[in-house]
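Next comes upload_33.txt, a file with compact mmCIF, C-alpha atoms and all ligand atoms.
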# COMPACT_ATOMS: atom_id res chain seq x y z
CA MET D 57 11.96 -14.91 -0.61
CA LEU D 58 8.82 -16.57 0.81
CA ASN D 59 10.37 -19.64 2.40
CA GLY D 60 8.04 -21.22 4.93
CA LYS D 61 5.26 -18.64 4.45
CA ARG D 62 1.73 -20.03 4.35
CA ILE D 63 -0.73 -18.30 2.09
CA LEU D 64 -4.43 -18.93 2.07
CA LEU D 65 -5.58 -17.96 -1.42
CA ILE D 66 -9.25 -17.15 -1.80
CA VAL D 67 -10.35 -17.28 -5.41
CA SER D 68 -13.62 -15.44 -6.04
CA GLY D 69 -15.55 -15.15 -9.28
CA GLY D 70 -14.13 -13.33 -12.25
CA ILE D 71 -12.36 -14.03 -15.50
CA ALA D 72 -9.12 -12.84 -13.86
CA ALA D 73 -9.19 -16.09 -11.86
CA TYR D 74 -7.01 -17.61 -14.58
CA LYS D 75 -4.16 -15.34 -13.45
CA CYS D 76 -4.25 -16.81 -9.96
CA LEU D 77 -3.09 -20.12 -11.42
CA ASP D 78 0.15 -18.47 -12.46
CA ALA D 79 0.35 -16.65 -9.12
CA ILE D 80 0.15 -19.98 -7.25
CA ARG D 81 2.99 -21.39 -9.34
CA ARG D 82 5.15 -18.34 -8.70
CA LEU D 83 4.38 -18.16 -4.99
CA ARG D 84 5.38 -21.78 -4.62
CA ALA D 85 8.52 -21.17 -6.65
CA GLU D 86 9.41 -18.51 -4.06
CA GLY D 87 9.04 -21.09 -1.31
CA ALA D 88 5.51 -20.36 -0.07
CA ALA D 89 2.89 -23.00 0.71
CA VAL D 90 -0.44 -22.12 -0.91
CA ARG D 91 -3.80 -23.51 0.14
CA CYS D 92 -6.86 -22.51 -1.87
CA VAL D 93 -10.46 -21.68 -1.05
CA LEU D 94 -12.61 -21.52 -4.17
CA SER D 95 -15.89 -19.59 -4.08
CA GLN D 96 -18.89 -20.74 -6.07
CA GLY D 97 -18.33 -17.87 -8.50
CA GLY D 98 -14.64 -18.68 -8.76
CA ALA D 99 -15.47 -22.29 -9.63
CA ARG D 100 -17.21 -21.04 -12.79
CA PHE D 101 -13.84 -19.80 -14.06
CA VAL D 102 -11.21 -22.20 -12.72
CA THR D 103 -11.57 -25.79 -11.60
CA PRO D 104 -10.71 -27.20 -8.18
CA LEU D 105 -8.56 -29.70 -10.02
CA ALA D 106 -6.39 -26.97 -11.54
CA LEU D 107 -5.94 -25.28 -8.16
CA ALA D 108 -5.18 -28.58 -6.43
CA ALA D 109 -2.68 -29.58 -9.10
CA LEU D 110 -0.80 -26.29 -8.86
CA SER D 111 -0.96 -25.85 -5.10
CA GLY D 112 -0.34 -29.48 -4.29
CA GLU D 113 -3.03 -29.25 -1.62
CA LYS D 114 -6.67 -30.07 -1.22
CA VAL D 115 -8.98 -27.25 -2.37
CA TYR D 116 -11.75 -26.08 -0.04
CA GLU D 117 -15.09 -25.06 -1.51
CA ASP D 118 -18.05 -25.81 0.65
CA LEU D 119 -18.69 -24.54 4.16
CA PHE D 120 -21.08 -27.37 4.88
CA GLN D 121 -19.01 -30.20 3.57
CA LEU D 122 -18.90 -32.11 6.82
CA THR D 123 -15.52 -33.66 6.28
CA ASP D 124 -14.04 -30.25 5.59
CA GLU D 125 -15.58 -28.88 8.77
CA SER D 126 -14.36 -31.73 10.94
CA GLU D 127 -10.99 -32.14 9.27
CA MET D 128 -10.12 -28.56 8.79
CA GLY D 129 -12.84 -26.08 9.68
CA HIS D 130 -12.92 -22.55 8.38
CA ILE D 131 -11.27 -21.25 11.54
CA ARG D 132 -8.36 -23.61 11.16
CA LEU D 133 -7.95 -22.63 7.51
CA SER D 134 -7.26 -19.06 8.57
CA ARG D 135 -5.33 -20.02 11.72
CA GLU D 136 -2.83 -21.94 9.65
CA ALA D 137 -2.10 -19.06 7.29
CA ASP D 138 0.34 -16.17 7.60
CA LEU D 139 -1.50 -14.12 4.99
CA VAL D 140 -4.91 -14.35 3.36
CA LEU D 141 -4.70 -13.41 -0.31
CA VAL D 142 -7.93 -12.71 -2.19
CA ALA D 143 -7.27 -12.93 -5.93
CA PRO D 144 -9.32 -12.15 -7.81
CA ALA D 145 -11.31 -10.08 -5.33
CA SER D 146 -14.62 -9.47 -7.07
CA ALA D 147 -16.86 -6.49 -6.29
CA ASN D 148 -19.14 -9.02 -4.62
CA ILE D 149 -16.59 -10.53 -2.23
CA LEU D 150 -15.29 -7.03 -1.37
CA ALA D 151 -18.86 -5.98 -0.53
CA LYS D 152 -19.28 -9.08 1.66
CA MET D 153 -16.01 -8.35 3.42
CA ALA D 154 -16.98 -4.73 4.01
CA HIS D 155 -20.38 -5.65 5.44
CA GLY D 156 -19.51 -8.82 7.31
CA LEU D 157 -21.53 -11.32 5.28
CA ALA D 158 -20.71 -15.00 5.71
CA ASP D 159 -22.73 -16.82 3.09
CA GLY D 160 -20.20 -19.30 1.84
CA LEU D 161 -16.80 -20.68 2.77
CA ALA D 162 -14.80 -17.83 1.18
CA ALA D 163 -16.80 -15.04 2.89
CA THR D 164 -16.89 -16.95 6.18
CA VAL D 165 -13.13 -17.40 6.25
CA LEU D 166 -12.71 -13.70 5.55
CA LEU D 167 -15.07 -12.78 8.37
CA ALA D 168 -13.45 -15.21 10.79
CA THR D 169 -9.83 -14.42 10.06
CA ASP D 170 -7.61 -12.29 12.23
CA LYS D 171 -4.75 -12.63 9.75
CA PRO D 172 -3.60 -9.84 7.44
CA VAL D 173 -5.59 -9.74 4.21
CA LEU D 174 -4.21 -8.68 0.83
CA ALA D 175 -6.79 -8.31 -1.94
CA ALA D 176 -6.31 -8.01 -5.70
CA PRO D 177 -9.54 -6.43 -6.96
CA ALA D 178 -10.79 -7.41 -10.41
CA MET D 179 -13.95 -6.11 -11.97
CA ASN D 180 -15.47 -4.16 -14.81
CA VAL D 181 -14.53 -0.47 -14.87
CA ARG D 182 -18.10 0.63 -14.10
CA MET D 183 -18.28 -1.66 -11.10
CA TRP D 184 -14.93 -0.30 -9.96
CA ASN D 185 -16.15 3.28 -10.40
CA ASN D 186 -19.45 2.65 -8.64
CA ALA D 187 -19.80 4.64 -5.43
CA ALA D 188 -20.76 1.46 -3.55
CA THR D 189 -17.48 -0.24 -4.49
CA ALA D 190 -15.50 2.90 -3.63
CA ALA D 191 -17.18 3.09 -0.21
CA ASN D 192 -16.57 -0.62 0.45
CA LEU D 193 -12.93 -0.25 -0.47
CA GLU D 194 -12.53 2.76 1.77
CA LEU D 195 -14.02 0.84 4.69
CA LEU D 196 -11.74 -2.12 4.08
CA ARG D 197 -8.70 0.10 3.76
CA GLN D 198 -9.54 1.80 7.03
CA ARG D 199 -9.70 -1.63 8.65
CA GLY D 200 -6.23 -2.42 7.37
CA VAL D 201 -6.96 -4.60 4.34
CA LEU D 202 -4.07 -4.26 1.89
CA PHE D 203 -4.58 -3.98 -1.85
CA VAL D 204 -2.57 -4.69 -4.95
CA GLY D 205 -3.97 -3.09 -8.09
CA PRO D 206 -6.24 -2.93 -9.88
CA VAL D 207 -4.60 -1.51 -12.96
CA GLU D 208 -5.93 0.21 -16.01
CA GLY D 209 -6.18 -1.69 -19.27
CA ASP D 210 -8.25 -3.69 -21.70
CA MET D 211 -10.88 -5.82 -20.07
CA ALA D 212 -12.30 -9.19 -20.97
CA CYS D 213 -15.67 -7.48 -21.46
CA GLY D 214 -14.21 -5.39 -24.30
CA GLU D 215 -14.06 -2.16 -22.33
CA PHE D 216 -10.99 -0.23 -21.28
CA GLY D 217 -10.36 1.22 -17.86
CA PHE D 218 -9.55 0.64 -14.23
CA GLY D 219 -10.49 -2.65 -12.67
CA ARG D 220 -8.15 -5.10 -14.36
CA MET D 221 -6.51 -7.39 -11.83
CA ALA D 222 -2.81 -6.87 -11.15
CA GLU D 223 -0.60 -9.35 -13.01
CA ALA D 224 0.66 -12.46 -11.20
CA ASP D 225 4.14 -10.90 -10.92
CA ASP D 226 2.75 -7.82 -9.18
CA ILE D 227 0.70 -9.96 -6.82
CA VAL D 228 3.74 -12.05 -5.89
CA ALA D 229 5.77 -8.83 -5.44
CA ALA D 230 3.07 -7.43 -3.13
CA VAL D 231 3.13 -10.64 -1.09
CA GLY D 232 6.93 -10.35 -0.92
CA ASP D 233 6.67 -6.70 0.17
CA PHE D 234 4.33 -7.73 2.93
CA PHE D 235 6.68 -10.33 4.35
CA ARG D 236 9.91 -8.42 3.98
CA SER D 237 10.96 -7.20 7.39
CA GLY D 238 11.70 -3.79 5.89
CA GLY D 239 7.98 -3.45 5.32
CA ARG D 240 7.44 -2.52 8.93
CA LEU D 241 7.91 0.90 10.49
CA GLU D 242 7.43 0.25 14.20
CA GLY D 243 9.47 2.67 16.27
CA ARG D 244 9.71 5.16 13.38
CA ARG D 245 8.15 8.60 13.23
CA ALA D 246 6.71 10.06 10.04
CA LEU D 247 5.32 13.42 8.99
CA VAL D 248 3.04 13.89 5.99
CA THR D 249 1.56 17.09 4.58
CA SER D 250 -1.62 16.88 2.55
CA GLY D 251 -4.32 18.90 0.86
CA PRO D 252 -4.37 22.50 -0.30
CA THR D 253 -3.78 25.58 1.80
CA PHE D 254 -6.27 28.42 2.05
CA GLU D 255 -4.80 31.89 2.00
CA ALA D 256 -7.13 34.56 3.33
CA ILE D 257 -8.08 37.60 1.28
CA ASP D 258 -10.44 38.84 3.98
CA PRO D 259 -12.43 37.02 6.69
CA VAL D 260 -14.73 35.35 4.12
CA ARG D 261 -12.64 34.98 0.97
CA TYR D 262 -9.53 32.99 0.28
CA ILE D 263 -7.20 31.76 -2.44
CA ALA D 264 -7.08 27.96 -2.74
CA ASN D 265 -6.29 25.20 -5.24
CA ARG D 266 -7.87 21.97 -6.45
CA SER D 267 -5.88 19.52 -4.32
CA SER D 268 -8.16 16.88 -2.76
CA GLY D 269 -5.72 15.51 -0.18
CA LYS D 270 -6.39 11.97 -1.45
CA GLN D 271 -2.75 11.16 -2.15
CA GLY D 272 -1.33 12.68 1.04
CA HIS D 273 -3.97 11.09 3.25
CA ALA D 274 -3.38 7.70 1.61
CA ILE D 275 0.36 8.01 2.28
CA ALA D 276 -0.23 8.83 5.95
CA ALA D 277 -2.60 5.85 6.21
CA ALA D 278 -0.07 3.52 4.57
CA LEU D 279 2.76 4.64 6.86
CA ALA D 280 0.56 4.28 9.95
CA ARG D 281 -0.58 0.81 8.86
CA ARG D 282 3.06 -0.24 8.80
CA GLY D 283 3.45 0.90 12.37
CA ALA D 284 4.97 4.40 12.03
CA GLU D 285 3.91 7.04 14.54
CA THR D 286 2.48 9.34 11.89
CA THR D 287 1.51 13.00 12.05
CA LEU D 288 -0.64 14.24 9.19
CA VAL D 289 -0.65 18.01 8.78
CA SER D 290 -3.48 18.76 6.42
CA GLY D 291 -5.06 21.78 4.82
CA PRO D 292 -8.85 21.76 4.38
CA THR D 293 -10.04 18.59 2.60
CA HIS D 294 -13.12 16.36 2.49
CA GLU D 295 -11.07 13.24 3.17
CA PRO D 296 -11.81 11.27 6.35
CA ASP D 297 -9.04 11.16 8.96
CA PRO D 298 -6.90 8.07 8.33
CA PRO D 299 -7.04 5.64 11.26
CA GLY D 300 -4.14 5.62 13.67
CA VAL D 301 -2.77 8.96 12.52
CA LYS D 302 -2.26 12.11 14.60
CA MET D 303 -4.19 14.79 12.68
CA VAL D 304 -3.20 18.44 12.74
CA ARG D 305 -5.61 20.59 10.74
CA VAL D 306 -4.39 23.90 9.38
CA GLU D 307 -5.53 26.44 6.81
CA SER D 308 -2.63 28.56 5.65
CA ALA D 309 0.90 27.74 4.51
CA ARG D 310 2.34 29.54 7.51
CA GLN D 311 0.22 27.44 9.87
CA MET D 312 1.29 24.32 7.99
CA LEU D 313 4.96 25.23 8.40
CA ALA D 314 4.54 25.83 12.13
CA ALA D 315 2.71 22.51 12.58
CA CYS D 316 5.42 20.66 10.64
CA GLN D 317 8.19 22.23 12.66
CA ALA D 318 6.38 21.24 15.84
CA ALA D 319 6.16 17.63 14.59
CA LEU D 320 9.95 17.31 14.10
CA PRO D 321 12.06 15.31 14.70
CA VAL D 322 10.82 12.49 12.48
CA ASP D 323 12.55 9.74 10.50
CA ALA D 324 10.72 10.49 7.24
CA ALA D 325 8.76 13.47 5.96
CA VAL D 326 6.55 13.33 2.88
CA CYS D 327 5.35 16.71 1.62
CA ALA D 328 2.36 15.92 -0.57
CA ALA D 329 0.44 19.12 0.18
CA ALA D 330 -0.26 21.56 -2.62
CA VAL D 331 0.90 24.55 -0.65
CA ALA D 332 -0.15 27.90 -2.08
CA ASP D 333 2.93 29.56 -3.51
CA TRP D 334 1.65 33.01 -2.67
CA ARG D 335 -0.56 34.68 -0.12
CA VAL D 336 -2.17 38.07 -0.06
CA ALA D 337 0.38 40.48 1.39
CA GLU D 338 -2.09 41.89 3.83
CA ALA D 339 -5.36 40.07 4.33
CA ALA D 340 -8.10 42.57 5.16
CA ALA D 341 -9.35 42.37 8.73
CA ARG D 342 -12.92 43.09 7.55
CA LYS D 343 -14.84 41.90 4.52
CA ILE D 344 -13.83 43.96 1.50
CA LYS D 345 -16.96 45.79 0.33
CA LYS D 346 -18.06 46.16 -3.25
CA THR D 347 -18.12 49.95 -3.43
CA GLY D 348 -18.85 50.45 -7.07
CA ALA D 349 -15.40 51.92 -7.52
CA SER D 350 -12.65 49.86 -9.11
CA ALA D 351 -12.11 46.22 -8.08
CA PRO D 352 -9.51 45.69 -5.36
CA VAL D 353 -5.98 44.89 -6.42
CA LEU D 354 -4.41 42.06 -4.45
CA THR D 355 -0.70 42.14 -3.85
CA LEU D 356 0.74 38.66 -3.43
CA ILE D 357 3.86 37.70 -1.54
CA GLU D 358 5.65 34.38 -1.48
CA ASN D 359 4.78 31.75 1.11
CA PRO D 360 7.44 29.85 3.03
CA ASP D 361 8.53 26.65 1.30
CA ILE D 362 7.73 23.92 3.82
CA LEU D 363 9.54 21.13 1.97
CA SER D 364 12.74 23.20 1.74
CA ALA D 365 12.45 24.22 5.37
CA ILE D 366 12.19 20.56 6.43
CA ALA D 367 15.00 19.47 4.10
CA LYS D 368 17.23 22.22 5.45
CA ALA D 369 16.33 21.80 9.10
CA GLY D 370 19.95 21.12 10.16
CA ASN D 371 20.18 18.58 12.94
CA ARG D 372 16.39 18.24 12.94
CA ARG D 373 16.37 17.18 9.29
CA PRO D 374 14.55 13.86 8.83
CA ARG D 375 16.70 11.05 7.47
CA LEU D 376 14.44 10.89 4.42
CA VAL D 377 12.66 13.90 2.93
CA VAL D 378 10.25 13.27 0.06
CA GLY D 379 8.67 16.00 -2.03
CA PHE D 380 6.07 15.93 -4.75
CA ALA D 381 6.25 17.72 -8.05
CA ALA D 382 2.96 18.24 -9.80
CA GLU D 383 3.79 19.40 -13.31
CA THR D 384 1.91 19.98 -16.51
CA ASP D 385 4.97 20.28 -18.79
CA LYS D 386 8.43 18.72 -18.92
CA VAL D 387 7.48 16.65 -15.88
CA LEU D 388 10.82 14.91 -15.38
CA ASP D 389 13.09 17.88 -16.16
CA ASN D 390 11.22 20.10 -13.75
CA ALA D 391 11.09 17.44 -11.07
CA LEU D 392 14.83 16.72 -11.29
CA ALA D 393 15.54 20.43 -10.92
CA LYS D 394 13.12 20.64 -8.01
CA ARG D 395 14.87 17.83 -6.13
CA GLN D 396 18.09 19.83 -6.30
CA ALA D 397 16.56 23.17 -5.48
CA LYS D 398 14.56 21.98 -2.50
CA GLY D 399 17.29 19.78 -1.03
CA CYS D 400 15.01 16.77 -0.62
CA ASP D 401 16.08 13.14 -1.10
CA TRP D 402 13.27 11.94 -3.33
CA ILE D 403 10.74 13.59 -5.57
CA VAL D 404 7.52 11.92 -6.61
CA ALA D 405 6.74 13.54 -9.95
CA ASN D 406 3.30 13.42 -11.48
CA ASP D 407 1.71 14.79 -14.59
CA VAL D 408 -1.29 16.84 -13.56
CA SER D 409 -2.33 18.14 -16.98
CA PRO D 410 -6.14 18.28 -17.04
CA SER D 411 -6.30 15.26 -19.39
CA THR D 412 -4.73 12.97 -16.74
CA GLY D 413 -7.49 13.55 -14.19
CA ALA D 414 -4.85 13.27 -11.45
CA ILE D 415 -5.94 16.39 -9.57
CA GLY D 416 -8.92 15.40 -7.46
CA GLY D 417 -9.12 12.02 -9.24
CA ASP D 418 -8.50 8.54 -7.88
CA ALA D 419 -5.53 7.51 -9.98
CA ASN D 420 -2.03 8.77 -10.45
CA THR D 421 0.88 8.07 -12.78
CA VAL D 422 4.09 8.92 -10.99
CA HIS D 423 7.85 8.75 -11.38
CA LEU D 424 10.03 8.30 -8.33
CA ILE D 425 13.20 10.34 -8.58
CA THR D 426 15.99 9.33 -6.23
CA VAL D 427 19.73 9.85 -6.27
CA GLU D 428 19.95 6.59 -8.24
CA GLY D 429 17.74 7.82 -11.05
CA VAL D 430 14.16 7.77 -12.26
CA GLU D 431 11.66 4.93 -11.74
CA ASN D 432 8.52 5.06 -13.86
CA TRP D 433 5.61 3.54 -11.97
CA PRO D 434 2.54 2.30 -13.86
CA ARG D 435 -0.74 4.14 -13.55
CA MET D 436 -2.16 3.12 -10.17
CA SER D 437 -4.83 4.12 -7.72
CA LYS D 438 -3.63 6.74 -5.23
CA PRO D 439 -3.74 4.23 -2.34
CA ALA D 440 -1.60 1.85 -4.42
CA VAL D 441 0.94 4.65 -5.02
CA ALA D 442 0.87 5.31 -1.26
CA GLU D 443 1.43 1.64 -0.44
CA ARG D 444 4.38 1.37 -2.78
CA LEU D 445 5.90 4.60 -1.51
CA ALA D 446 5.49 3.48 2.12
CA GLN D 447 7.23 0.24 1.22
CA ARG D 448 10.11 2.13 -0.37
CA ILE D 449 10.36 4.44 2.64
CA SER D 450 10.55 1.52 5.04
CA GLU D 451 13.27 -0.12 2.95
CA ALA D 452 15.26 3.12 2.75
CA LEU D 453 15.04 3.71 6.50
CA GLU D 454 16.09 0.15 7.19
CA ALA D 455 19.07 0.47 4.81
CA ALA D 456 20.12 3.73 6.49
CA SER D 457 20.05 2.37 10.04
O1 LIG D 501 7.59 24.25 -5.97
P1 LIG D 501 6.46 23.29 -6.00
O2 LIG D 501 5.22 23.82 -5.33
O3 LIG D 501 6.15 22.69 -7.31
O4 LIG D 501 7.00 22.08 -5.11
C1 LIG D 501 6.24 21.01 -4.79
C2 LIG D 501 6.72 20.36 -3.54
O5 LIG D 501 7.08 21.32 -2.57
C3 LIG D 501 5.64 19.53 -2.87
O6 LIG D 501 6.27 18.49 -2.17
C4 LIG D 501 5.01 20.52 -1.92
O7 LIG D 501 4.37 19.87 -0.84
C5 LIG D 501 6.20 21.32 -1.47
N1 LIG D 501 5.93 22.71 -1.16
C6 LIG D 501 5.98 23.14 0.16
N2 LIG D 501 5.79 24.46 0.47
C7 LIG D 501 5.54 25.36 -0.50
C8 LIG D 501 5.48 24.94 -1.85
C9 LIG D 501 5.68 23.62 -2.13
O8 LIG D 501 6.20 22.31 1.05
N3 LIG D 501 5.35 26.62 -0.18
Could you write out this structure as structure tokens?
Ligand code: C5P
Amino acid sequence: MLNGKRILLIVSGGIAAYKCLDAIRRLRAEGAAVRCVLSQGGARFVTPLALAALSGEKVYEDLFQLTDESEMGHIRLSREADLVLVAPASANILAKMAHGLADGLAATVLLATDKPVLAAPAMNVRMWNNAATAANLELLRQRGVLFVGPVEGDMACGEFGFGRMAEADDIVAAVGDFFRSGGRLEGRRALVTSGPTFEAIDPVRYIANRSSGKQGHAIAAALARRGAETTLVSGPTHEPDPPGVKMVRVESARQMLAACQAALPVDAAVCAAAVADWRVAEAAARKIKKTGASAPVLTLIENPDILSAIAKAGNRRPRLVVGFAAETDKVLDNALAKRQAKGCDWIVANDVSPSTGAIGGDANTVHLITVEGVENWPRMSKPAVAERLAQRISEALEAAS
């Protein structure tokens, strides 16, 4: 799977560094050549000897080791790699990457490289949840850094939560995804809907829902990163515009439908928006006054179903139409029924009961429902779900062409 691929593995500090030993073994078993850079922090957890033994190559540690600089040089280290893999990627190395620090060989290579970077974050749950880490990650994502994990689980520090490094298998799979030709979407067009819709009651009031747009925006970003010409039709959100995406901002469901129809034809459409099911039959042209008499009664009428409209768009139907099903009960049963009813190819089903924290939160546990059946994905960050979905979309489009 990875024959002839050259991976520069940067090992930063963290107890998860032990997992990178297994990752090296598996990457080499797949045919890749692995060369390691060990940060000072990383060297507290794994030895250069272990890395050298498993990689079969010299291990690079010190920027100022003259022989290293003359023999290899940090620029050459990156030039001779097809992919830079940072595993574990500590909060510290991610912060250095985000802010362009170059205070050691690992950080310097990361600043100097123009090669794709895949990072496997590993840190304590509180460090992961810290706003500084979240902002650094967002910056790195916007610059095209790819991520695998982290996952939720028990931590070496005795706590439980998000921040545990992805397992070696998942890291190797992510490296494989990256190299597979189906991972690219150049020449393809994609449409993504995201966020809530606002349905006017009068000029100042509206009906809305709690959707943050995080998942939809992440999907648009992931598709664009793979080279798809991507239109993101979004209701009002606080999410920044993903880089490289054509943004169309709308408020109501009817505006969203019109914008989607204008974006067709596309190869793939992903409807992640939480479109309001109903709107007020007749929004008042002026602010409804509190008269002291009885409260106004709002009559609701059904909104157009954008996903169904796209899935039933005749000769303008995208080759792949993906819907979302946010459910609080009988998640799979309802999602399977929804796939049929809406006429879409895939449904991404997620449990949005309040206890899951999925709505507005950063993580999601989803099931991908295709004609072949149901795939249960582990709990992942929303960008990780987006990455995996984008990968699946690129594979499906490649298989269909
Ligand atoms: O019927 P329900 O709202 O649960 O369906 C969810 C899926 O349908 C999502 O993909 C959502 O984006 C899409 N949808 C839509 N237009 C609507 C309602 C839902 O595109 N009016």
If I wrap all listed atoms of ligand LIG 501 (chain D) in a box with edges along x, y and z and add 3 Å on each side, what are its centre and edge lengths in Å to one decimal, as AutoDock Vina command-line options?
--center_x 6.0 --center_y 22.6 --center_z -3.1 --size_x 9.2 --size_y 14.1 --size_z 14.4
Can you write out as a Markdown table which residues of chain D fall within 9 Å of ligand LIG 501 (chain D), alongside each residue's closest atom pair and its distance in Å to one decimal, counting only C-alpha atoms and all ligand atoms and ordering rows by chain and ascending residue number?
| residue | atom | partner | partner_atom | distance |
| --- | --- | --- | --- | --- |
| D:Thr249 | CA | D:LIG501 | O7 | 6.7 |
| D:Ser250 | CA | D:LIG501 | O7 | 7.5 |
| D:Gly251 | CA | D:LIG501 | O7 | 8.9 |
| D:Ala309 | CA | D:LIG501 | N3 | 6.6 |
| D:Arg310 | CA | D:LIG501 | N3 | 8.8 |
| D:Met312 | CA | D:LIG501 | O8 | 8.7 |
| D:Leu313 | CA | D:LIG501 | O8 | 8.0 |
| D:Val326 | CA | D:LIG501 | O6 | 7.2 |
| D:Cys327 | CA | D:LIG501 | O7 | 4.1 |
| D:Ala328 | CA | D:LIG501 | O7 | 4.4 |
| D:Ala329 | CA | D:LIG501 | O7 | 4.1 |
| D:Ala330 | CA | D:LIG501 | O7 | 5.2 |
| D:Val331 | CA | D:LIG501 | C7 | 4.7 |
| D:Ala332 | CA | D:LIG501 | N3 | 6.0 |
| D:Asp333 | CA | D:LIG501 | N3 | 5.1 |
| D:Trp334 | CA | D:LIG501 | N3 | 7.8 |
| D:Glu358 | CA | D:LIG501 | N3 | 7.9 |
| D:Asn359 | CA | D:LIG501 | N3 | 5.3 |
| D:Pro360 | CA | D:LIG501 | N3 | 5.0 |
| D:Asp361 | CA | D:LIG501 | N3 | 3.5 |
| D:Ile362 | CA | D:LIG501 | O8 | 3.6 |
| D:Leu363 | CA | D:LIG501 | O8 | 3.7 |
| D:Ser364 | CA | D:LIG501 | O8 | 6.6 |
| D:Ala365 | CA | D:LIG501 | O8 | 7.8 |
| D:Ile366 | CA | D:LIG501 | O8 | 8.2 |
| D:Val378 | CA | D:LIG501 | O6 | 6.9 |
| D:Gly379 | CA | D:LIG501 | O6 | 3.5 |
| D:Phe380 | CA | D:LIG501 | O6 | 3.6 |
| D:Ala381 | CA | D:LIG501 | C1 | 4.6 |
| D:Ala382 | CA | D:LIG501 | O3 | 6.0 |
| D:Glu383 | CA | D:LIG501 | O3 | 7.2 |
| D:Asn390 | CA | D:LIG501 | O3 | 8.6 |
| D:Ala391 | CA | D:LIG501 | O3 | 8.1 |
| D:Lys394 | CA | D:LIG501 | O1 | 6.9 |
| D:Arg395 | CA | D:LIG501 | C2 | 8.9 |
| D:Lys398 | CA | D:LIG501 | O5 | 7.5 |
| D:Ile403 | CA | D:LIG501 | O6 | 7.5 |
| D:Val404 | CA | D:LIG501 | O6 | 8.0 |
**Fill in**
Closest of D:Ser350, D:Ser450, D:Gln96, D:Ser134 to Asp159 of chain D, counting only C-alpha atoms, is D:Gln96
**Request:** Using all atoms listed in the file, collect all residues at a distance of at most 10 Å from (-2.8, 17.6, 1.7) as written in the file, then present them as a VMD selection string.
**Result:** chain D and resid 248 to 253 267 to 274 288 to 293 295 305 327 to 331
**Request:** Kindly give the distance, in Å, that separates atom CA of Arg281 of chain D and atom CA of Ala246 of chain D, rounded to a single decimal.
**Result:** 11.8 Å
**Prompt:** atom CA of Arg266 of chain D and atom CA of Ser409 of chain D are how many Å apart?
**Reply:** 12.5 Å
**Prompt:** Which residues, written as a ChimeraX atom specification, have at least one atom at most 12 Å from Leu195 of chain D, with all atoms listed in the file counted and residues fewer than 2 positions away on the same chain left out?
**Reply:** /D:150-156,188-193,197-202,296,298-299
Fill-in result for segment 215-226 of chain D, N, CA and C atoms as a short mmCIF file (atom, residue, chain, number, x, y, z; two decimals), in the coordinates of the input:
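In the end it all went to part.cif:
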data_model
loop_
_atom_site.label_atom_id
_atom_site.label_comp_id
_atom_site.auth_asym_id
_atom_site.auth_seq_id
_atom_site.Cartn_x
_atom_site.Cartn_y
_atom_site.Cartn_z
N GLU D 215 -14.20 -3.57 -22.70
CA GLU D 215 -14.06 -2.16 -22.33
C GLU D 215 -12.62 -1.89 -21.93
N PHE D 216 -12.33 -0.63 -21.70
CA PHE D 216 -10.99 -0.23 -21.28
C PHE D 216 -11.14 0.60 -20.01
N GLY D 217 -10.31 0.38 -19.05
CA GLY D 217 -10.36 1.22 -17.86
C GLY D 217 -9.76 0.56 -16.65
N PHE D 218 -10.06 1.12 -15.50
CA PHE D 218 -9.55 0.64 -14.23
C PHE D 218 -10.36 -0.55 -13.76
N GLY D 219 -9.74 -1.52 -13.19
CA GLY D 219 -10.49 -2.65 -12.67
C GLY D 219 -9.84 -3.97 -13.05
N ARG D 220 -8.85 -3.89 -13.95
CA ARG D 220 -8.15 -5.10 -14.36
C ARG D 220 -7.27 -5.59 -13.22
N MET D 221 -7.31 -6.88 -12.95
CA MET D 221 -6.51 -7.39 -11.83
C MET D 221 -5.02 -7.22 -12.10
N ALA D 222 -4.27 -6.95 -11.04
CA ALA D 222 -2.81 -6.87 -11.15
C ALA D 222 -2.30 -8.19 -11.73
N GLU D 223 -1.17 -8.13 -12.43
CA GLU D 223 -0.60 -9.35 -13.01
C GLU D 223 -0.02 -10.23 -11.89
N ALA D 224 0.15 -11.52 -12.21
CA ALA D 224 0.66 -12.46 -11.20
C ALA D 224 1.97 -11.96 -10.59
N ASP D 225 2.85 -11.41 -11.42
CA ASP D 225 4.14 -10.90 -10.92
C ASP D 225 3.94 -9.84 -9.85
N ASP D 226 2.99 -8.92 -10.12
CA ASP D 226 2.75 -7.82 -9.18
C ASP D 226 2.15 -8.35 -7.88
#
